[in-house]
$ cat model.cif   # mmCIF, C-alpha atoms
data_query
#
loop_
_atom_site.label_atom_id
_atom_site.label_comp_id
_atom_site.auth_asym_id
_atom_site.auth_seq_id
_atom_site.Cartn_x
_atom_site.Cartn_y
_atom_site.Cartn_z
CA MET J 1 -68.24 -73.90 85.75
CA SER J 2 -70.44 -73.71 82.64
CA ARG J 3 -68.97 -74.12 79.15
CA SER J 4 -69.53 -70.42 78.38
CA SER J 5 -67.86 -69.42 81.65
CA GLN J 6 -64.92 -71.68 80.91
CA GLY J 7 -64.63 -70.17 77.44
CA ARG J 8 -64.62 -66.66 78.85
CA ALA J 9 -61.93 -67.57 81.37
CA VAL J 10 -59.71 -69.13 78.68
CA ASN J 11 -60.13 -66.19 76.33
CA ALA J 12 -59.57 -63.66 79.11
CA ASP J 13 -56.32 -65.41 79.98
CA SER J 14 -55.34 -65.38 76.30
CA ALA J 15 -56.07 -61.67 76.01
CA LYS J 16 -53.93 -60.96 79.05
CA SER J 17 -50.99 -62.56 77.25
CA VAL J 18 -51.17 -59.85 74.57
CA ARG J 19 -48.47 -57.31 75.26
CA PRO J 20 -49.43 -53.60 74.92
CA LYS J 21 -48.33 -51.93 71.70
CA LYS J 22 -46.24 -48.84 72.28
CA GLY J 23 -47.12 -47.55 68.82
CA LEU J 24 -50.81 -47.52 69.76
CA GLY J 25 -50.17 -45.77 73.05
CA GLN J 26 -51.66 -48.70 74.94
CA HIS J 27 -51.67 -48.60 78.72
CA PHE J 28 -54.11 -51.14 80.16
CA LEU J 29 -55.88 -50.07 83.35
CA VAL J 30 -55.20 -53.04 85.63
CA ASP J 31 -56.48 -51.63 88.92
CA PRO J 32 -60.07 -52.91 89.41
CA VAL J 33 -60.93 -50.15 91.89
CA HIS J 34 -60.30 -47.43 89.33
CA ARG J 35 -62.11 -49.35 86.61
CA ALA J 36 -65.16 -49.54 88.85
CA ARG J 37 -64.99 -45.82 89.66
CA ILE J 38 -64.86 -44.90 85.97
CA VAL J 39 -67.95 -46.95 85.16
CA GLU J 40 -69.69 -45.60 88.25
CA ALA J 41 -69.10 -42.06 86.97
CA ALA J 42 -71.13 -42.87 83.83
CA GLU J 43 -74.22 -43.67 85.98
CA LEU J 44 -75.32 -46.46 83.68
CA THR J 45 -78.73 -48.14 83.59
CA LYS J 46 -80.21 -50.89 81.43
CA SER J 47 -81.79 -48.19 79.27
CA ASP J 48 -78.35 -46.84 78.31
CA ALA J 49 -76.34 -47.57 75.19
CA VAL J 50 -72.59 -47.13 75.58
CA LEU J 51 -69.82 -46.50 73.09
CA GLU J 52 -66.61 -47.81 74.65
CA ILE J 53 -63.41 -46.70 72.96
CA GLY J 54 -60.41 -48.94 73.44
CA PRO J 55 -61.83 -51.92 75.38
CA GLY J 56 -58.36 -53.46 75.43
CA ARG J 57 -58.58 -56.82 77.19
CA GLY J 58 -62.23 -56.35 78.08
CA GLU J 59 -62.05 -55.90 81.86
CA MET J 60 -63.93 -52.59 81.86
CA THR J 61 -66.23 -53.83 79.11
CA GLU J 62 -67.36 -56.54 81.52
CA LEU J 63 -68.43 -53.91 84.04
CA ILE J 64 -70.18 -51.81 81.40
CA ALA J 65 -71.97 -54.84 79.93
CA ALA J 66 -73.31 -55.77 83.35
CA GLN J 67 -74.96 -52.36 83.77
CA ALA J 68 -75.86 -51.07 80.30
CA GLY J 69 -78.50 -52.29 77.87
CA LYS J 70 -76.24 -52.07 74.82
CA VAL J 71 -72.48 -51.78 74.33
CA ILE J 72 -70.58 -50.95 71.14
CA ALA J 73 -66.87 -51.40 71.84
CA VAL J 74 -64.45 -50.03 69.24
CA GLU J 75 -60.94 -51.49 69.34
CA LEU J 76 -58.09 -50.53 66.99
CA ASP J 77 -55.75 -53.41 67.89
CA ASN J 78 -56.77 -56.30 65.65
CA ARG J 79 -54.91 -58.76 67.90
CA LEU J 80 -57.58 -58.25 70.55
CA ILE J 81 -60.67 -58.61 68.35
CA PRO J 82 -60.82 -62.46 68.44
CA PHE J 83 -60.41 -62.50 72.22
CA LEU J 84 -63.04 -59.84 72.78
CA SER J 85 -65.50 -61.40 70.33
CA ALA J 86 -65.19 -64.78 72.06
CA LEU J 87 -65.38 -63.23 75.50
CA PHE J 88 -68.73 -61.61 74.77
CA GLU J 89 -70.19 -64.13 72.31
CA ASP J 90 -72.92 -65.11 74.76
CA ARG J 91 -73.95 -61.49 75.36
CA PRO J 92 -75.71 -60.29 72.23
CA TRP J 93 -76.09 -56.75 73.56
CA VAL J 94 -72.30 -56.32 73.27
CA THR J 95 -70.86 -55.60 69.82
CA ILE J 96 -67.11 -55.65 69.21
CA THR J 97 -66.02 -53.44 66.31
CA HIS J 98 -62.56 -53.20 64.79
CA GLY J 99 -61.87 -49.58 63.86
CA ASP J 100 -60.10 -46.29 64.47
CA ILE J 101 -62.15 -43.77 66.44
CA LEU J 102 -60.42 -40.99 64.50
CA GLU J 103 -61.73 -42.34 61.21
CA ILE J 104 -65.10 -44.01 61.77
CA ASP J 105 -68.41 -42.15 61.52
CA ILE J 106 -69.25 -42.15 65.23
CA GLY J 107 -72.81 -40.92 64.92
CA GLY J 108 -73.49 -43.23 61.99
CA LEU J 109 -72.12 -46.21 63.91
CA MET J 110 -74.44 -45.56 66.84
CA VAL J 111 -77.51 -44.92 64.66
CA GLU J 112 -76.83 -48.16 62.78
CA ALA J 113 -76.67 -49.94 66.13
CA ASP J 114 -80.06 -48.42 67.02
CA ALA J 115 -78.37 -46.40 69.76
CA ALA J 116 -78.81 -42.77 68.69
CA ARG J 117 -78.93 -41.74 72.36
CA TYR J 118 -75.77 -42.99 74.01
CA LYS J 119 -72.95 -42.43 76.49
CA VAL J 120 -69.21 -42.77 75.96
CA VAL J 121 -66.67 -44.46 78.24
CA ALA J 122 -63.09 -44.30 77.03
CA ASN J 123 -59.50 -44.73 78.18
CA LEU J 124 -57.94 -42.53 75.49
CA PRO J 125 -54.33 -42.95 74.36
CA TYR J 126 -52.57 -39.70 75.20
CA TYR J 127 -51.50 -38.98 71.64
CA ILE J 128 -55.08 -38.91 70.25
CA THR J 129 -56.84 -37.20 73.17
CA GLY J 130 -57.51 -33.81 71.59
CA ALA J 131 -58.57 -35.18 68.21
CA ALA J 132 -60.78 -37.87 69.76
CA ILE J 133 -62.57 -35.44 72.06
CA ARG J 134 -63.22 -33.09 69.16
CA ARG J 135 -64.70 -35.90 67.05
CA LEU J 136 -66.86 -37.10 69.91
CA LEU J 137 -68.24 -33.66 70.68
CA GLU J 138 -68.88 -32.85 67.02
CA ALA J 139 -70.51 -36.20 66.21
CA GLU J 140 -74.13 -36.23 65.06
CA PRO J 141 -75.86 -37.47 67.05
CA ALA J 142 -73.52 -36.68 69.93
CA ALA J 143 -73.25 -38.56 73.19
CA THR J 144 -75.23 -37.24 76.16
CA THR J 145 -72.38 -38.02 78.58
CA LEU J 146 -68.70 -38.76 78.08
CA VAL J 147 -66.50 -40.28 80.79
CA LEU J 148 -62.93 -40.05 79.60
CA THR J 149 -59.63 -41.14 81.11
CA VAL J 150 -56.91 -38.75 79.97
CA GLN J 151 -53.53 -37.45 81.06
CA ALA J 152 -53.95 -35.59 84.37
CA GLU J 153 -52.52 -32.36 82.98
CA VAL J 154 -54.98 -32.49 80.08
CA ALA J 155 -57.86 -33.09 82.48
CA GLU J 156 -56.89 -29.96 84.42
CA ARG J 157 -56.86 -27.97 81.20
CA ILE J 158 -60.27 -29.30 80.14
CA VAL J 159 -62.00 -28.22 83.36
CA ALA J 160 -60.21 -24.85 83.70
CA ARG J 161 -62.36 -21.78 84.28
CA PRO J 162 -61.76 -18.05 83.73
CA PRO J 163 -59.50 -16.27 84.44
CA LYS J 164 -57.23 -19.28 83.81
CA THR J 165 -58.95 -21.00 80.92
CA ASN J 166 -57.43 -22.07 77.59
CA LEU J 167 -58.32 -23.01 74.03
CA LEU J 168 -59.03 -26.65 74.89
CA ALA J 169 -61.29 -25.77 77.83
CA THR J 170 -63.19 -23.18 75.81
CA SER J 171 -63.70 -25.63 72.95
CA VAL J 172 -64.89 -28.46 75.21
CA GLN J 173 -67.07 -26.29 77.45
CA TYR J 174 -68.84 -24.77 74.44
CA TYR J 175 -70.41 -28.19 74.00
CA SER J 176 -70.53 -29.58 77.52
CA ARG J 177 -70.32 -29.14 81.28
CA ALA J 178 -66.94 -30.47 82.35
CA GLN J 179 -65.94 -31.85 85.73
CA LEU J 180 -62.90 -33.70 87.02
CA VAL J 181 -64.10 -36.95 88.62
CA HIS J 182 -60.94 -38.41 90.14
CA ARG J 183 -57.24 -38.96 89.59
CA ILE J 184 -55.58 -42.25 88.71
CA PRO J 185 -51.93 -42.84 89.66
CA ALA J 186 -49.59 -44.07 86.94
CA GLY J 187 -49.11 -47.34 88.83
CA ALA J 188 -52.70 -48.35 88.10
CA PHE J 189 -51.75 -49.01 84.46
CA TYR J 190 -49.67 -51.58 82.62
CA PRO J 191 -47.19 -50.65 81.35
CA VAL J 192 -46.76 -47.81 83.81
CA PRO J 193 -46.87 -44.44 81.99
CA LYS J 194 -44.64 -41.55 82.94
CA VAL J 195 -47.52 -39.39 84.21
CA ASP J 196 -50.71 -39.77 86.21
CA SER J 197 -54.13 -39.82 84.60
CA ALA J 198 -57.50 -38.41 85.56
CA VAL J 199 -61.14 -39.03 84.70
CA VAL J 200 -63.28 -36.22 83.34
CA ARG J 201 -67.02 -36.29 82.80
CA LEU J 202 -68.52 -34.16 80.04
CA ASP J 203 -72.28 -33.67 80.05
CA ARG J 204 -73.54 -32.47 76.70
CA ILE J 205 -75.44 -29.20 76.64
CA LYS J 206 -77.13 -27.34 73.84
CA ASN J 207 -74.88 -24.84 72.11
CA ARG J 208 -74.95 -21.49 73.91
CA ALA J 209 -75.19 -19.73 70.57
CA ASP J 210 -78.44 -18.66 68.97
CA SER J 211 -79.52 -18.66 65.33
CA ASP J 212 -77.10 -15.95 64.19
CA ILE J 213 -74.02 -17.77 65.57
CA THR J 214 -72.76 -20.94 63.93
CA ASP J 215 -70.19 -23.26 65.43
CA ASP J 216 -67.76 -22.19 62.70
CA LEU J 217 -68.18 -18.54 63.62
CA PHE J 218 -67.73 -19.25 67.33
CA PHE J 219 -64.50 -21.14 66.73
CA ARG J 220 -63.25 -18.53 64.29
CA ALA J 221 -63.51 -16.00 67.12
CA VAL J 222 -61.93 -18.32 69.69
CA ARG J 223 -59.01 -19.36 67.48
CA ALA J 224 -58.31 -15.72 66.66
CA GLY J 225 -58.46 -14.76 70.33
CA TYR J 226 -56.04 -17.49 71.35
CA SER J 227 -53.71 -16.91 68.39
CA ARG J 228 -51.53 -14.78 70.69
CA PRO J 229 -52.72 -15.80 74.18
CA ARG J 230 -50.23 -13.63 76.07
CA LYS J 231 -51.29 -10.49 74.21
CA GLN J 232 -54.22 -8.22 74.95
CA LEU J 233 -57.32 -9.45 73.22
CA ARG J 234 -57.49 -6.44 70.89
CA ASN J 235 -54.09 -7.39 69.49
CA SER J 236 -54.64 -11.15 69.25
CA LEU J 237 -58.02 -10.65 67.55
CA ALA J 238 -56.51 -8.13 65.16
CA ALA J 239 -53.79 -10.59 64.18
CA GLY J 240 -56.10 -13.58 64.00
CA LEU J 241 -58.77 -11.82 61.96
CA ALA J 242 -56.46 -9.62 59.86
CA ILE J 243 -58.13 -6.42 61.06
CA SER J 244 -56.70 -3.31 62.72
CA PRO J 245 -56.31 -3.19 66.53
CA GLN J 246 -58.75 -0.27 66.63
CA VAL J 247 -61.43 -2.22 64.75
CA ALA J 248 -60.82 -5.14 67.11
CA ALA J 249 -61.09 -2.85 70.13
CA ASP J 250 -64.37 -1.39 68.89
CA LEU J 251 -65.72 -4.87 68.22
CA LEU J 252 -64.81 -6.01 71.74
CA GLN J 253 -66.33 -2.97 73.41
CA ASP J 254 -69.48 -3.57 71.40
CA ALA J 255 -69.56 -7.08 72.88
CA GLY J 256 -69.10 -5.75 76.42
CA VAL J 257 -65.51 -7.01 76.69
CA GLU J 258 -62.64 -4.73 77.69
CA PRO J 259 -60.09 -4.74 74.82
CA ASN J 260 -57.11 -5.05 77.19
CA ARG J 261 -58.25 -8.39 78.62
CA ARG J 262 -56.63 -11.67 77.61
CA ALA J 263 -58.34 -14.65 75.99
CA GLU J 264 -57.98 -16.83 79.09
CA THR J 265 -60.29 -14.52 81.08
CA LEU J 266 -63.36 -14.81 78.84
CA SER J 267 -66.38 -16.97 79.58
CA ILE J 268 -68.22 -18.97 76.92
CA GLU J 269 -71.01 -16.39 76.95
CA GLU J 270 -68.53 -13.59 76.28
CA TRP J 271 -67.02 -15.52 73.39
CA VAL J 272 -70.50 -15.90 71.92
CA GLU J 273 -70.97 -12.13 72.07
CA VAL J 274 -67.59 -11.54 70.45
CA ALA J 275 -68.44 -14.04 67.70
CA ARG J 276 -71.76 -12.31 67.12
CA ARG J 277 -70.00 -8.98 66.55
CA ILE J 278 -67.47 -10.63 64.22
CA GLY J 279 -70.35 -12.06 62.23
CA ARG J 280 -71.70 -8.55 61.70
CA THR J 281 -68.44 -7.08 60.41
#

$ encode --input "model.cif" --output "structure tokens"
Amino acid sequence: MSRSSQGRAVNADSAKSVRPKKGLGQHFLVDPVHRARIVEAAELTKSDAVLEIGPGRGEMTELIAAQAGKVIAVELDNRLIPFLSALFEDRPWVTITHGDILEIDIGGLMVEADAARYKVVANLPYYITGAAIRRLLEAEPAATTLVLTVQAEVAERIVARPPKTNLLATSVQYYSRAQLVHRIPAGAFYPVPKVDSAVVRLDRIKNRADSDITDDLFFRAVRAGYSRPRKQLRNSLAAGLAISPQVAADLLQDAGVEPNRRAETLSIEEWVEVARRIGRT
């Protein structure tokens, strides 16, 4: 065994002695089959740069580093930084960064690493899932593909389609095509969480909106529509926009949407039309 290989083995063993922090929501994916399937879903080549969020003990980072041309791994737990840095010291295309994905400038980090076109692979702690996805999708430049491990129930919500969609699905699918890749049983993690997980792949698309619809206007319409999700859309829009139900009904009819429908039945394209009419009021 070479000196570098011996060093990696020692440091890998040291990293494995680090116990997961409950406060950070850490659940290490210990099943190698599922790790391989996650990386496979990203369809990596040597021309790809990858932002990995939460490399943990580096097992999945090893797989990513073997397939991608550049890896920027962001880890919040400072206990793991020395292990990870030593583990990948002989692979200059792998950069270990200590930071919080909810606070760092994601786009700026990737541009600085000369990786403006990149993919994301992440095993997201459950408690930051929504906020992390929002930051990733709104980053400039944004990733072309995101492969995310999330709570199974959240994955189902992300890929939901009308007439059973939701605010999260509408928000994510405004930016990307979403598909559920596969499920991961709770037993594949250490410590074992209380629920199963699932892998979703988000492929970035151009915004559906045209020049007279901004992201802010789109989400103003969507948040208003979902403000009272069990109500007819005319009533939830009226409440969310502080307008009369009749004005809301007229606006919806103008957009080609029946006022008595509910928010969960609308497609992204219909939301764009609703937002366009709101922008004209």

$ atom_distance --input "model.cif" --atom1 "atom CA of J:Ile64" --atom2 "atom CA of J:Leu102"
22.3 Å

$ residues_near_point --input "model.cif" --point "(-58.0, -25.9, 77.2)" --cutoff "10 Å" --atoms "only C-alpha atoms" --output "tab-separated table (two decimals) with C-alpha atoms, in the coordinates of the input"
chain	number	residue	atom	x	y	z
J	130	GLY	CA	-57.51	-33.81	71.59
J	154	VAL	CA	-54.98	-32.49	80.08
J	155	ALA	CA	-57.86	-33.09	82.48
J	156	GLU	CA	-56.89	-29.96	84.42
J	157	ARG	CA	-56.86	-27.97	81.20
J	158	ILE	CA	-60.27	-29.30	80.14
J	159	VAL	CA	-62.00	-28.22	83.36
J	160	ALA	CA	-60.21	-24.85	83.70
J	161	ARG	CA	-62.36	-21.78	84.28
J	164	LYS	CA	-57.23	-19.28	83.81
J	165	THR	CA	-58.95	-21.00	80.92
J	166	ASN	CA	-57.43	-22.07	77.59
J	167	LEU	CA	-58.32	-23.01	74.03
J	168	LEU	CA	-59.03	-26.65	74.89
J	169	ALA	CA	-61.29	-25.77	77.83
J	170	THR	CA	-63.19	-23.18	75.81
J	171	SER	CA	-63.70	-25.63	72.95
J	172	VAL	CA	-64.89	-28.46	75.21
J	173	GLN	CA	-67.07	-26.29	77.45
J	264	GLU	CA	-57.98	-16.83	79.09

$ axis_aligned_box --input "model.cif" --around "stretch 91-94 of chain J" --padding-each-side "6 Å" --output "lines of an AutoDock Vina configuration file"
center_x = -74.2
center_y = -58.9
center_z = 73.8
size_x = 15.8
size_y = 17.2
size_z = 15.1

$ resolve_selection --input "model.cif" --expression "the PyMOL selection byres ((chain J and resi 205) around 12)" --output "MDAnalysis selection string"
chainID J and resid 137 142:146 172:178 202:204 206:209

$ residues_around --input "model.cif" --residues "stretch 74-84 of chain J" --least-positions-apart "2" --cutoff "6 Å" --atoms "all atoms listed in the file" --output "PDB file with C-alpha atoms, in the coordinates of the input"
ATOM      1  CA  ASN J  11     -60.130 -66.190  76.330  1.00  0.00           C
ATOM      2  CA  ALA J  15     -56.070 -61.670  76.010  1.00  0.00           C
ATOM      3  CA  ILE J  53     -63.410 -46.700  72.960  1.00  0.00           C
ATOM      4  CA  GLY J  54     -60.410 -48.940  73.440  1.00  0.00           C
ATOM      5  CA  ALA J  86     -65.190 -64.780  72.060  1.00  0.00           C
ATOM      6  CA  LEU J  87     -65.380 -63.230  75.500  1.00  0.00           C
ATOM      7  CA  THR J  97     -66.020 -53.440  66.310  1.00  0.00           C
ATOM      8  CA  HIS J  98     -62.560 -53.200  64.790  1.00  0.00           C
ATOM      9  CA  GLY J  99     -61.870 -49.580  63.860  1.00  0.00           C
ATOM     10  CA  ASP J 100     -60.100 -46.290  64.470  1.00  0.00           C
TER      11      ASP J 100
END

$ resolve_selection --input "model.cif" --expression "the PyMOL selection byres ((chain J and resi 266) around 9)" --output "PyMOL selection string"
chain J and resi 161-163+165+170+257+261-265+267-271

$ residues_near_point --input "model.cif" --point "(-71.2, -39.0, 63.5)" --cutoff "7 Å" --atoms "only C-alpha atoms" --output "list in words"
Asp105, Ile106, Gly107, Gly108, Ala139, Glu140 and Pro141 of chain J

$ write_last_selection --input "model.cif" --atoms "C-alpha atoms" --output "mmCIF file, in the coordinates of the input"
data_model
loop_
_atom_site.group_PDB
_atom_site.id
_atom_site.type_symbol
_atom_site.label_atom_id
_atom_site.label_comp_id
_atom_site.auth_asym_id
_atom_site.auth_seq_id
_atom_site.Cartn_x
_atom_site.Cartn_y
_atom_site.Cartn_z
ATOM 1 C CA ASP J 105 -68.410 -42.150 61.520
ATOM 2 C CA ILE J 106 -69.250 -42.150 65.230
ATOM 3 C CA GLY J 107 -72.810 -40.920 64.920
ATOM 4 C CA GLY J 108 -73.490 -43.230 61.990
ATOM 5 C CA ALA J 139 -70.510 -36.200 66.210
ATOM 6 C CA GLU J 140 -74.130 -36.230 65.060
ATOM 7 C CA PRO J 141 -75.860 -37.470 67.050
#

$ decode --input "model.cif" --residues "stretch 223-237 of chain J" --atoms "N, CA and C atoms" --output "mmCIF file, in the first residue's frame"
data_model
loop_
_atom_site.group_PDB
_atom_site.id
_atom_site.type_symbol
_atom_site.label_atom_id
_atom_site.label_comp_id
_atom_site.auth_asym_id
_atom_site.auth_seq_id
_atom_site.Cartn_x
_atom_site.Cartn_y
_atom_site.Cartn_z
ATOM 1 N N ARG J 223 -47.973 32.624 -3.605
ATOM 2 C CA ARG J 223 -48.163 32.704 -2.147
ATOM 3 C C ARG J 223 -49.588 33.147 -1.806
ATOM 4 N N ALA J 224 -50.122 34.066 -2.588
ATOM 5 C CA ALA J 224 -51.501 34.498 -2.351
ATOM 6 C C ALA J 224 -52.464 33.348 -2.607
ATOM 7 N N GLY J 225 -52.238 32.618 -3.684
ATOM 8 C CA GLY J 225 -53.126 31.510 -4.028
ATOM 9 C C GLY J 225 -53.133 30.402 -2.999
ATOM 10 N N TYR J 226 -51.970 30.157 -2.394
ATOM 11 C CA TYR J 226 -51.869 29.097 -1.392
ATOM 12 C C TYR J 226 -52.097 29.619 0.035
ATOM 13 N N SER J 227 -52.429 30.892 0.177
ATOM 14 C CA SER J 227 -52.627 31.449 1.516
ATOM 15 C C SER J 227 -53.787 30.767 2.243
ATOM 16 N N ARG J 228 -54.771 30.314 1.468
ATOM 17 C CA ARG J 228 -55.892 29.544 2.024
ATOM 18 C C ARG J 228 -56.159 28.381 1.072
ATOM 19 N N PRO J 229 -55.290 27.348 1.106
ATOM 20 C CA PRO J 229 -55.311 26.297 0.087
ATOM 21 C C PRO J 229 -56.604 25.505 -0.005
ATOM 22 N N ARG J 230 -57.393 25.474 1.051
ATOM 23 C CA ARG J 230 -58.648 24.715 1.005
ATOM 24 C C ARG J 230 -59.820 25.544 0.490
ATOM 25 N N LYS J 231 -59.563 26.819 0.250
ATOM 26 C CA LYS J 231 -60.612 27.702 -0.256
ATOM 27 C C LYS J 231 -60.566 27.757 -1.783
ATOM 28 N N GLN J 232 -61.673 28.220 -2.369
ATOM 29 C CA GLN J 232 -61.665 28.479 -3.804
ATOM 30 C C GLN J 232 -60.634 29.563 -4.095
ATOM 31 N N LEU J 233 -60.056 29.483 -5.272
ATOM 32 C CA LEU J 233 -58.964 30.375 -5.608
ATOM 33 C C LEU J 233 -59.370 31.848 -5.564
ATOM 34 N N ARG J 234 -60.610 32.139 -5.931
ATOM 35 C CA ARG J 234 -61.057 33.543 -5.879
ATOM 36 C C ARG J 234 -60.959 34.102 -4.466
ATOM 37 N N ASN J 235 -61.251 33.266 -3.479
ATOM 38 C CA ASN J 235 -61.225 33.710 -2.087
ATOM 39 C C ASN J 235 -59.801 33.773 -1.525
ATOM 40 N N SER J 236 -58.968 32.783 -1.867
ATOM 41 C CA SER J 236 -57.597 32.806 -1.357
ATOM 42 C C SER J 236 -56.802 33.938 -1.994
ATOM 43 N N LEU J 237 -57.014 34.185 -3.287
ATOM 44 C CA LEU J 237 -56.339 35.308 -3.937
ATOM 45 C C LEU J 237 -56.800 36.637 -3.353
#
